[in-house]
>>> print(open('start23.txt').read())   # compact mmCIF, C-alpha atoms
# COMPACT_ATOMS: atom_id res chain seq x y z
CA MET O 1 0.00 0.00 0.00
CA THR O 2 2.83 2.35 0.88
CA ALA O 3 4.52 1.65 -2.43
CA VAL O 4 1.31 2.34 -4.33
CA THR O 5 0.76 5.58 -2.43
CA THR O 6 4.32 6.62 -3.07
CA SER O 7 3.92 5.82 -6.76
CA ILE O 8 0.72 7.86 -7.04
CA SER O 9 2.30 10.76 -5.16
CA THR O 10 5.33 10.64 -7.40
CA SER O 11 3.10 10.55 -10.47
CA ARG O 12 1.08 13.54 -9.29
CA THR O 13 4.24 15.41 -8.37
CA GLY O 14 5.58 14.71 -11.83
CA ASP O 15 2.36 16.00 -13.41
CA ILE O 16 2.49 19.17 -11.36
CA GLY O 17 6.13 19.61 -12.29
CA ALA O 18 5.25 19.12 -15.94
CA ILE O 19 2.58 21.81 -15.68
CA GLY O 20 5.03 24.09 -13.98
CA ARG O 21 7.57 23.54 -16.73
CA GLY O 22 4.94 24.44 -19.37
CA ASP O 23 4.88 20.96 -20.92
CA VAL O 24 1.06 20.91 -20.77
CA SER O 25 -0.69 23.45 -22.99
CA ALA O 26 -4.01 24.03 -24.72
CA ARG O 27 -4.54 21.82 -27.69
CA PRO O 28 -5.04 23.69 -30.97
CA ALA O 29 -8.43 23.17 -32.58
CA GLY O 30 -8.82 22.53 -36.29
CA ALA O 31 -8.50 25.35 -38.79
CA LEU O 32 -12.23 25.28 -39.53
CA ALA O 33 -13.10 25.44 -35.83
CA ASP O 34 -10.83 28.47 -35.40
CA VAL O 35 -12.46 30.30 -38.32
CA ILE O 36 -15.99 29.48 -37.15
CA THR O 37 -15.20 30.64 -33.62
CA ILE O 38 -13.80 33.99 -34.78
CA ALA O 39 -16.64 34.50 -37.27
CA GLY O 40 -19.25 33.67 -34.64
CA ARG O 41 -17.78 36.17 -32.20
CA ALA O 42 -17.68 38.86 -34.91
CA LEU O 43 -21.32 38.24 -35.86
CA ARG O 44 -22.51 38.22 -32.25
CA ALA O 45 -20.99 41.67 -31.85
CA VAL O 46 -22.96 43.15 -34.78
CA PRO O 47 -26.19 43.83 -32.79
CA ARG O 48 -24.11 45.77 -30.25
CA ASP O 49 -22.52 47.80 -33.04
CA VAL O 50 -25.44 48.52 -35.37
CA ALA O 51 -24.36 52.16 -35.70
CA THR O 52 -21.65 51.02 -38.10
CA VAL O 53 -23.98 48.84 -40.19
CA VAL O 54 -27.51 50.23 -40.38
CA PRO O 55 -26.58 53.71 -41.72
CA ALA O 56 -25.18 52.06 -44.85
CA ILE O 57 -28.67 50.82 -45.75
CA PHE O 58 -30.27 54.22 -45.29
CA ILE O 59 -27.55 56.01 -47.24
CA ALA O 60 -27.85 53.56 -50.14
CA LEU O 61 -31.66 53.74 -50.18
CA PHE O 62 -31.63 57.53 -49.87
CA PHE O 63 -29.41 58.04 -52.91
CA PHE O 64 -31.22 55.28 -54.81
CA LEU O 65 -34.64 56.87 -54.38
CA VAL O 66 -33.44 60.47 -54.79
CA ASN O 67 -31.49 59.66 -57.97
CA ILE O 68 -34.53 57.89 -59.42
CA ALA O 69 -36.74 60.88 -58.62
CA THR O 70 -34.33 63.41 -60.13
CA LEU O 71 -32.78 61.58 -63.08
CA SER O 72 -35.34 59.06 -64.36
CA HIS O 73 -37.23 61.47 -66.58
CA LEU O 74 -34.05 63.01 -67.96
CA THR O 75 -32.26 59.76 -68.79
CA GLU O 76 -35.25 57.80 -70.02
CA GLY O 77 -36.24 60.71 -72.23
CA GLN O 78 -32.80 60.73 -73.86
CA ILE O 79 -32.31 56.97 -74.26
CA ALA O 80 -35.06 54.92 -75.88
CA GLY O 81 -36.22 51.93 -73.82
CA PHE O 82 -33.96 52.84 -70.92
CA ASN O 83 -35.13 51.85 -67.41
CA PHE O 84 -33.27 53.99 -64.88
CA LYS O 85 -34.58 52.06 -61.85
CA SER O 86 -33.06 48.82 -63.08
CA PHE O 87 -29.90 50.63 -64.14
CA GLU O 88 -29.42 52.32 -60.75
CA LEU O 89 -30.09 49.34 -58.46
CA PRO O 90 -26.52 47.94 -58.74
CA THR O 91 -25.10 51.38 -57.89
CA ALA O 92 -27.22 51.43 -54.73
CA ILE O 93 -26.00 47.95 -53.81
CA LEU O 94 -22.34 48.91 -54.15
CA LEU O 95 -22.90 52.11 -52.21
CA GLY O 96 -24.51 50.09 -49.43
CA VAL O 97 -21.96 47.31 -49.01
CA THR O 98 -18.63 48.89 -49.87
CA GLY O 99 -16.49 49.61 -46.84
CA VAL O 100 -18.85 47.92 -44.39
CA SER O 101 -16.75 45.46 -42.39
CA ARG O 102 -15.74 44.40 -38.90
CA ALA O 103 -12.39 46.18 -39.29
CA PRO O 104 -13.31 48.87 -36.71
CA ALA O 105 -14.09 46.10 -34.22
CA LEU O 106 -10.70 44.53 -34.95
CA VAL O 107 -9.04 47.86 -34.15
CA LEU O 108 -10.77 47.84 -30.76
CA ASP O 109 -9.47 44.31 -30.20
CA VAL O 110 -5.97 45.59 -30.91
CA GLN O 111 -6.38 48.54 -28.57
CA ASP O 112 -7.86 46.65 -25.61
CA GLY O 113 -5.35 43.80 -25.80
CA TYR O 114 -7.75 41.07 -26.96
CA PHE O 115 -5.83 40.68 -30.20
CA ASP O 116 -2.60 40.05 -28.26
CA ARG O 117 -4.37 37.44 -26.13
CA LEU O 118 -5.48 35.72 -29.32
CA LEU O 119 -1.86 35.60 -30.45
CA LEU O 120 -0.94 33.85 -27.19
CA SER O 121 -3.58 31.18 -27.81
CA PRO O 122 -3.21 28.23 -30.20
CA VAL O 123 -5.62 29.85 -32.70
CA ARG O 124 -4.26 30.04 -36.22
CA ARG O 125 -3.23 33.55 -37.15
CA SER O 126 -4.93 33.43 -40.55
CA ALA O 127 -8.19 32.40 -38.86
CA ILE O 128 -8.35 35.79 -37.14
CA LEU O 129 -8.76 37.49 -40.51
CA LEU O 130 -10.68 34.73 -42.25
CA GLY O 131 -13.28 34.66 -39.47
CA HIS O 132 -13.85 38.40 -39.72
CA LEU O 133 -14.03 38.20 -43.52
CA ILE O 134 -16.67 35.47 -43.38
CA ALA O 135 -18.67 37.61 -40.95
CA ASP O 136 -18.39 40.48 -43.44
CA VAL O 137 -19.94 38.36 -46.18
CA ALA O 138 -22.90 37.57 -43.92
CA VAL O 139 -23.33 41.25 -43.03
CA ALA O 140 -23.10 42.26 -46.72
CA ILE O 141 -25.85 39.82 -47.66
CA ALA O 142 -27.99 41.19 -44.84
CA LEU O 143 -27.48 44.69 -46.25
CA ILE O 144 -28.15 43.77 -49.87
CA VAL O 145 -31.47 42.02 -49.26
CA PRO O 146 -33.44 45.08 -48.00
CA ILE O 147 -32.13 47.23 -50.86
CA LEU O 148 -33.10 44.51 -53.32
CA ILE O 149 -36.58 44.26 -51.79
CA VAL O 150 -37.08 48.02 -52.18
CA GLY O 151 -35.96 47.76 -55.80
CA LEU O 152 -38.47 45.01 -56.48
CA ALA O 153 -41.19 47.00 -54.70
CA ILE O 154 -40.73 50.02 -56.98
CA GLY O 155 -40.81 47.97 -60.16
CA VAL O 156 -37.35 46.50 -60.84
CA ARG O 157 -37.64 43.06 -62.46
CA PHE O 158 -34.90 40.51 -63.09
CA ASP O 159 -34.76 38.99 -66.56
CA THR O 160 -32.72 36.14 -65.03
CA GLY O 161 -35.37 35.32 -62.44
CA ILE O 162 -34.76 34.07 -58.91
CA ALA O 163 -31.46 32.43 -59.87
CA GLY O 164 -30.26 35.78 -61.18
CA MET O 165 -31.24 37.47 -57.92
CA LEU O 166 -29.18 34.95 -55.97
CA VAL O 167 -26.15 35.52 -58.21
CA PHE O 168 -26.75 39.27 -57.89
CA VAL O 169 -26.63 39.06 -54.08
CA LEU O 170 -23.58 36.77 -54.15
CA LEU O 171 -21.68 39.05 -56.53
CA GLY O 172 -22.42 42.07 -54.37
CA ALA O 173 -21.24 40.20 -51.26
CA LEU O 174 -18.04 39.13 -53.01
CA TRP O 175 -17.33 42.75 -53.91
CA SER O 176 -17.84 43.73 -50.27
CA LEU O 177 -15.39 41.01 -49.28
CA ALA O 178 -12.85 42.16 -51.87
CA PHE O 179 -12.97 45.79 -50.74
CA SER O 180 -12.98 45.03 -47.00
CA GLY O 181 -9.36 43.91 -47.23
CA PHE O 182 -8.30 47.56 -47.47
CA GLY O 183 -10.02 48.32 -44.16
CA TYR O 184 -8.34 45.41 -42.40
CA ALA O 185 -4.96 46.37 -43.82
CA ILE O 186 -5.38 49.88 -42.40
CA ALA O 187 -6.70 48.50 -39.10
CA LEU O 188 -3.78 46.14 -38.57
CA LYS O 189 -1.18 48.58 -39.83
CA THR O 190 -2.25 51.64 -37.84
CA GLY O 191 -4.50 50.42 -35.02
CA ASN O 192 -6.32 53.73 -35.51
CA PRO O 193 -10.18 53.72 -35.64
CA ALA O 194 -10.30 57.08 -37.45
CA ALA O 195 -8.02 55.81 -40.19
CA VAL O 196 -10.19 52.72 -40.64
CA ASN O 197 -13.41 54.72 -40.81
CA SER O 198 -11.93 56.94 -43.51
CA SER O 199 -11.08 53.94 -45.70
CA PHE O 200 -14.52 54.26 -47.30
CA LEU O 201 -13.23 57.43 -48.97
CA LEU O 202 -11.08 55.18 -51.15
CA PHE O 203 -14.24 53.99 -52.83
CA PHE O 204 -15.71 57.31 -53.90
CA PRO O 205 -13.43 57.78 -56.91
CA PHE O 206 -14.10 54.19 -57.95
CA LEU O 207 -17.86 54.68 -57.84
CA PHE O 208 -18.25 58.10 -59.42
CA LEU O 209 -15.56 57.79 -62.09
CA THR O 210 -17.59 55.06 -63.74
CA THR O 211 -21.00 54.29 -65.23
CA SER O 212 -22.82 54.87 -61.94
CA TYR O 213 -25.50 57.17 -63.38
CA VAL O 214 -25.45 56.83 -67.18
CA PRO O 215 -24.28 54.16 -69.64
CA LYS O 216 -20.70 54.36 -70.85
CA GLU O 217 -21.92 55.31 -74.33
CA GLN O 218 -23.20 58.58 -72.86
CA LEU O 219 -19.86 59.49 -71.27
CA SER O 220 -17.26 61.53 -73.08
CA GLY O 221 -13.69 62.77 -72.85
CA TRP O 222 -11.43 61.80 -69.98
CA LEU O 223 -14.29 60.41 -67.88
CA LYS O 224 -15.09 57.80 -70.50
CA THR O 225 -11.42 56.79 -70.61
CA VAL O 226 -11.19 56.48 -66.82
CA ALA O 227 -14.46 54.53 -66.67
CA SER O 228 -13.12 52.09 -69.25
CA TRP O 229 -10.20 51.25 -66.93
CA ASN O 230 -12.19 51.32 -63.71
CA PRO O 231 -12.94 47.77 -62.45
CA VAL O 232 -16.17 49.00 -60.85
CA THR O 233 -17.53 49.71 -64.35
CA TYR O 234 -17.32 46.02 -65.22
CA LEU O 235 -18.80 44.99 -61.88
CA LEU O 236 -21.76 47.31 -62.48
CA GLU O 237 -22.20 45.95 -66.00
CA GLY O 238 -22.24 42.38 -64.70
CA LEU O 239 -24.84 43.22 -62.07
CA ARG O 240 -26.96 45.10 -64.59
CA ALA O 241 -26.80 42.21 -67.02
CA LEU O 242 -28.49 40.03 -64.40
CA VAL O 243 -31.29 42.58 -64.10
CA TYR O 244 -32.20 43.47 -67.67
CA ARG O 245 -29.88 41.75 -70.16
CA GLY O 246 -30.22 38.11 -69.17
CA TRP O 247 -27.41 35.62 -68.67
CA ASP O 248 -24.54 37.44 -70.37
CA GLY O 249 -21.47 35.26 -69.83
CA THR O 250 -18.99 37.87 -71.01
CA ARG O 251 -20.24 40.58 -68.66
CA LEU O 252 -20.46 38.18 -65.72
CA PHE O 253 -16.90 36.99 -66.34
CA GLN O 254 -15.67 40.57 -66.50
CA ALA O 255 -17.48 41.38 -63.25
CA LEU O 256 -15.90 38.39 -61.49
CA ALA O 257 -12.50 39.33 -62.89
CA ALA O 258 -12.90 42.88 -61.54
CA VAL O 259 -13.77 41.52 -58.09
CA ALA O 260 -10.85 39.09 -58.25
CA ILE O 261 -8.34 41.81 -59.17
CA VAL O 262 -9.43 44.17 -56.41
CA GLY O 263 -9.68 41.27 -53.96
CA ALA O 264 -6.20 40.00 -54.77
CA ILE O 265 -4.73 43.43 -54.07
CA SER O 266 -6.69 44.09 -50.87
CA GLN O 267 -6.30 40.62 -49.38
CA THR O 268 -2.57 40.61 -50.09
CA MET O 269 -2.34 43.90 -48.24
CA CYS O 270 -4.39 42.82 -45.23
CA PHE O 271 -2.61 39.48 -44.74
CA ALA O 272 0.75 41.26 -45.07
CA ALA O 273 -0.44 43.70 -42.39
CA LEU O 274 -1.45 40.75 -40.21
CA ARG O 275 2.02 39.25 -40.48
CA GLY O 276 3.53 42.61 -39.56
CA ARG O 277 1.23 42.97 -36.56
CA VAL O 278 2.06 39.45 -35.36
CA LYS O 279 5.78 40.19 -35.57
CA ARG O 280 5.36 43.40 -33.58
CA GLY O 281 3.23 41.56 -31.03
>>> encode(input="start23.txt", output="structure tokens")
Amino acid sequence: MTAVTTSISTSRTGDIGAIGRGDVSARPAGALADVITIAGRALRAVPRDVATVVPAIFIALFFFLVNIATLSHLTEGQIAGFNFKSFELPTAILLGVTGVSRAPALVLDVQDGYFDRLLLSPVRRSAILLGHLIADVAVAIALIVPILIVGLAIGVRFDTGIAGMLVFVLLGALWSLAFSGFGYAIALKTGNPAAVNSSFLLFFPFLFLTTSYVPKEQLSGWLKTVASWNPVTYLLEGLRALVYRGWDGTRLFQALAAVAIVGAISQTMCFAALRGRVKRG
């Protein structure tokens, strides 16, 4: 009995010594579990931070309805068979979802030390960004749907039917994902909420130096040249094709290519910023 007790005591002492030496640590979860955990936390925080999400809907709807009221008669009178409501819906969608992300929340995590605590845990570093990006896609879809419903209510009809609406929503969400990388890059690089909030200003030239209000055929001079090189032009054309041109493979491919190009640049920047932040941490 004494030998057994001694053995157990020695075993327990060894375990305690192992813990003291740091040999026992938290087991890392799978990559998917890490991403889901981060995404879930980001989404649960959205209701507590609606001030950064809801205004985007109202701004998009405001400009959508005001532009229709002021420009419909002018444009439809100049272009035979032109439907300005259908033409303007994609512009409203991009205005609503561009720059809306959880990047400001990530800045707060950096400032209050939560980000550093994540780095001390076994969570995969890439999962920190991937989880937030997945949450952004969900938020973008939630923003697109009300704008789409308003468009349908005022008479917009999709030549591609329900399937086209689903692709329309998905394409808009992918654009939001592509652009959000710029916000995360600024968030991780600066840790400054004001700098992150101003990242939306990057989008204004992209939106207005394009076919946001009239077809490219109606543009002239330098603006037409800039619009021809602007990736947002091709994204708008792809979205509009789904509304009133039918399944146009060329325009859809060009829209996806535009999203992919912007996304490749922004995501490269934000993951590089993540690596830099991890090294500094």
>>> atom_distance(input="start23.txt", atom1="atom CA of O:Asp34", atom2="atom CA of O:Arg124")
6.8 Å
>>> closest_atom_pairs(input="start23.txt", of="stretch 26-107 of chain O", to="stretch 171-178 of chain O", cutoff="10 Å", atoms="all atoms listed in the file", output="CSV")
residue,atom,partner,partner_atom,distance
O:Pro90,CA,O:Gly172,CA,8.4
O:Ile93,CA,O:Gly172,CA,6.9
O:Leu94,CA,O:Gly172,CA,6.8
O:Leu95,CA,O:Ser176,CA,10.0
O:Gly96,CA,O:Ser176,CA,9.3
O:Val97,CA,O:Ser176,CA,5.6
O:Thr98,CA,O:Ser176,CA,5.2
O:Gly99,CA,O:Ser176,CA,6.9
O:Val100,CA,O:Ser176,CA,7.3
O:Ser101,CA,O:Ser176,CA,8.1
>>> atom_distance(input="start23.txt", atom1="atom CA of O:Gln218", atom2="atom CA of O:Gly238")
18.2 Å
>>> residues_near_point(input="start23.txt", point="(-34.9, 59.7, -63.5)", cutoff="12 Å", atoms="all atoms listed in the file", output="ChimeraX atom specification")
/O:64-79,82-88,213-214
>>> decode(input="start23.txt", residues="stretch 52-190 of chain O", atoms="C-alpha atoms", output="tab-separated table (two decimals), in the first residue's frame")
chain	number	residue	atom	x	y	z
O	52	THR	CA	-21.65	51.02	-38.10
O	53	VAL	CA	-23.98	48.84	-40.19
O	54	VAL	CA	-27.51	50.23	-40.38
O	55	PRO	CA	-26.58	53.71	-41.72
O	56	ALA	CA	-25.18	52.06	-44.85
O	57	ILE	CA	-28.67	50.82	-45.75
O	58	PHE	CA	-30.27	54.22	-45.29
O	59	ILE	CA	-27.55	56.01	-47.24
O	60	ALA	CA	-27.85	53.56	-50.14
O	61	LEU	CA	-31.66	53.74	-50.18
O	62	PHE	CA	-31.63	57.53	-49.87
O	63	PHE	CA	-29.41	58.04	-52.91
O	64	PHE	CA	-31.22	55.28	-54.81
O	65	LEU	CA	-34.64	56.87	-54.38
O	66	VAL	CA	-33.44	60.47	-54.79
O	67	ASN	CA	-31.49	59.66	-57.97
O	68	ILE	CA	-34.53	57.89	-59.42
O	69	ALA	CA	-36.74	60.88	-58.62
O	70	THR	CA	-34.33	63.41	-60.13
O	71	LEU	CA	-32.78	61.58	-63.08
O	72	SER	CA	-35.34	59.06	-64.36
O	73	HIS	CA	-37.23	61.47	-66.58
O	74	LEU	CA	-34.05	63.01	-67.96
O	75	THR	CA	-32.26	59.76	-68.79
O	76	GLU	CA	-35.25	57.80	-70.02
O	77	GLY	CA	-36.24	60.71	-72.23
O	78	GLN	CA	-32.80	60.73	-73.86
O	79	ILE	CA	-32.31	56.97	-74.26
O	80	ALA	CA	-35.06	54.92	-75.88
O	81	GLY	CA	-36.22	51.93	-73.82
O	82	PHE	CA	-33.96	52.84	-70.92
O	83	ASN	CA	-35.13	51.85	-67.41
O	84	PHE	CA	-33.27	53.99	-64.88
O	85	LYS	CA	-34.58	52.06	-61.85
O	86	SER	CA	-33.06	48.82	-63.08
O	87	PHE	CA	-29.90	50.63	-64.14
O	88	GLU	CA	-29.42	52.32	-60.75
O	89	LEU	CA	-30.09	49.34	-58.46
O	90	PRO	CA	-26.52	47.94	-58.74
O	91	THR	CA	-25.10	51.38	-57.89
O	92	ALA	CA	-27.22	51.43	-54.73
O	93	ILE	CA	-26.00	47.95	-53.81
O	94	LEU	CA	-22.34	48.91	-54.15
O	95	LEU	CA	-22.90	52.11	-52.21
O	96	GLY	CA	-24.51	50.09	-49.43
O	97	VAL	CA	-21.96	47.31	-49.01
O	98	THR	CA	-18.63	48.89	-49.87
O	99	GLY	CA	-16.49	49.61	-46.84
O	100	VAL	CA	-18.85	47.92	-44.39
O	101	SER	CA	-16.75	45.46	-42.39
O	102	ARG	CA	-15.74	44.40	-38.90
O	103	ALA	CA	-12.39	46.18	-39.29
O	104	PRO	CA	-13.31	48.87	-36.71
O	105	ALA	CA	-14.09	46.10	-34.22
O	106	LEU	CA	-10.70	44.53	-34.95
O	107	VAL	CA	-9.04	47.86	-34.15
O	108	LEU	CA	-10.77	47.84	-30.76
O	109	ASP	CA	-9.47	44.31	-30.20
O	110	VAL	CA	-5.97	45.59	-30.91
O	111	GLN	CA	-6.38	48.54	-28.57
O	112	ASP	CA	-7.86	46.65	-25.61
O	113	GLY	CA	-5.35	43.80	-25.80
O	114	TYR	CA	-7.75	41.07	-26.96
O	115	PHE	CA	-5.83	40.68	-30.20
O	116	ASP	CA	-2.60	40.05	-28.26
O	117	ARG	CA	-4.37	37.44	-26.13
O	118	LEU	CA	-5.48	35.72	-29.32
O	119	LEU	CA	-1.86	35.60	-30.45
O	120	LEU	CA	-0.94	33.85	-27.19
O	121	SER	CA	-3.58	31.18	-27.81
O	122	PRO	CA	-3.21	28.23	-30.20
O	123	VAL	CA	-5.62	29.85	-32.70
O	124	ARG	CA	-4.26	30.04	-36.22
O	125	ARG	CA	-3.23	33.55	-37.15
O	126	SER	CA	-4.93	33.43	-40.55
O	127	ALA	CA	-8.19	32.40	-38.86
O	128	ILE	CA	-8.35	35.79	-37.14
O	129	LEU	CA	-8.76	37.49	-40.51
O	130	LEU	CA	-10.68	34.73	-42.25
O	131	GLY	CA	-13.28	34.66	-39.47
O	132	HIS	CA	-13.85	38.40	-39.72
O	133	LEU	CA	-14.03	38.20	-43.52
O	134	ILE	CA	-16.67	35.47	-43.38
O	135	ALA	CA	-18.67	37.61	-40.95
O	136	ASP	CA	-18.39	40.48	-43.44
O	137	VAL	CA	-19.94	38.36	-46.18
O	138	ALA	CA	-22.90	37.57	-43.92
O	139	VAL	CA	-23.33	41.25	-43.03
O	140	ALA	CA	-23.10	42.26	-46.72
O	141	ILE	CA	-25.85	39.82	-47.66
O	142	ALA	CA	-27.99	41.19	-44.84
O	143	LEU	CA	-27.48	44.69	-46.25
O	144	ILE	CA	-28.15	43.77	-49.87
O	145	VAL	CA	-31.47	42.02	-49.26
O	146	PRO	CA	-33.44	45.08	-48.00
O	147	ILE	CA	-32.13	47.23	-50.86
O	148	LEU	CA	-33.10	44.51	-53.32
O	149	ILE	CA	-36.58	44.26	-51.79
O	150	VAL	CA	-37.08	48.02	-52.18
O	151	GLY	CA	-35.96	47.76	-55.80
O	152	LEU	CA	-38.47	45.01	-56.48
O	153	ALA	CA	-41.19	47.00	-54.70
O	154	ILE	CA	-40.73	50.02	-56.98
O	155	GLY	CA	-40.81	47.97	-60.16
O	156	VAL	CA	-37.35	46.50	-60.84
O	157	ARG	CA	-37.64	43.06	-62.46
O	158	PHE	CA	-34.90	40.51	-63.09
O	159	ASP	CA	-34.76	38.99	-66.56
O	160	THR	CA	-32.72	36.14	-65.03
O	161	GLY	CA	-35.37	35.32	-62.44
O	162	ILE	CA	-34.76	34.07	-58.91
O	163	ALA	CA	-31.46	32.43	-59.87
O	164	GLY	CA	-30.26	35.78	-61.18
O	165	MET	CA	-31.24	37.47	-57.92
O	166	LEU	CA	-29.18	34.95	-55.97
O	167	VAL	CA	-26.15	35.52	-58.21
O	168	PHE	CA	-26.75	39.27	-57.89
O	169	VAL	CA	-26.63	39.06	-54.08
O	170	LEU	CA	-23.58	36.77	-54.15
O	171	LEU	CA	-21.68	39.05	-56.53
O	172	GLY	CA	-22.42	42.07	-54.37
O	173	ALA	CA	-21.24	40.20	-51.26
O	174	LEU	CA	-18.04	39.13	-53.01
O	175	TRP	CA	-17.33	42.75	-53.91
O	176	SER	CA	-17.84	43.73	-50.27
O	177	LEU	CA	-15.39	41.01	-49.28
O	178	ALA	CA	-12.85	42.16	-51.87
O	179	PHE	CA	-12.97	45.79	-50.74
O	180	SER	CA	-12.98	45.03	-47.00
O	181	GLY	CA	-9.36	43.91	-47.23
O	182	PHE	CA	-8.30	47.56	-47.47
O	183	GLY	CA	-10.02	48.32	-44.16
O	184	TYR	CA	-8.34	45.41	-42.40
O	185	ALA	CA	-4.96	46.37	-43.82
O	186	ILE	CA	-5.38	49.88	-42.40
O	187	ALA	CA	-6.70	48.50	-39.10
O	188	LEU	CA	-3.78	46.14	-38.57
O	189	LYS	CA	-1.18	48.58	-39.83
O	190	THR	CA	-2.25	51.64	-37.84
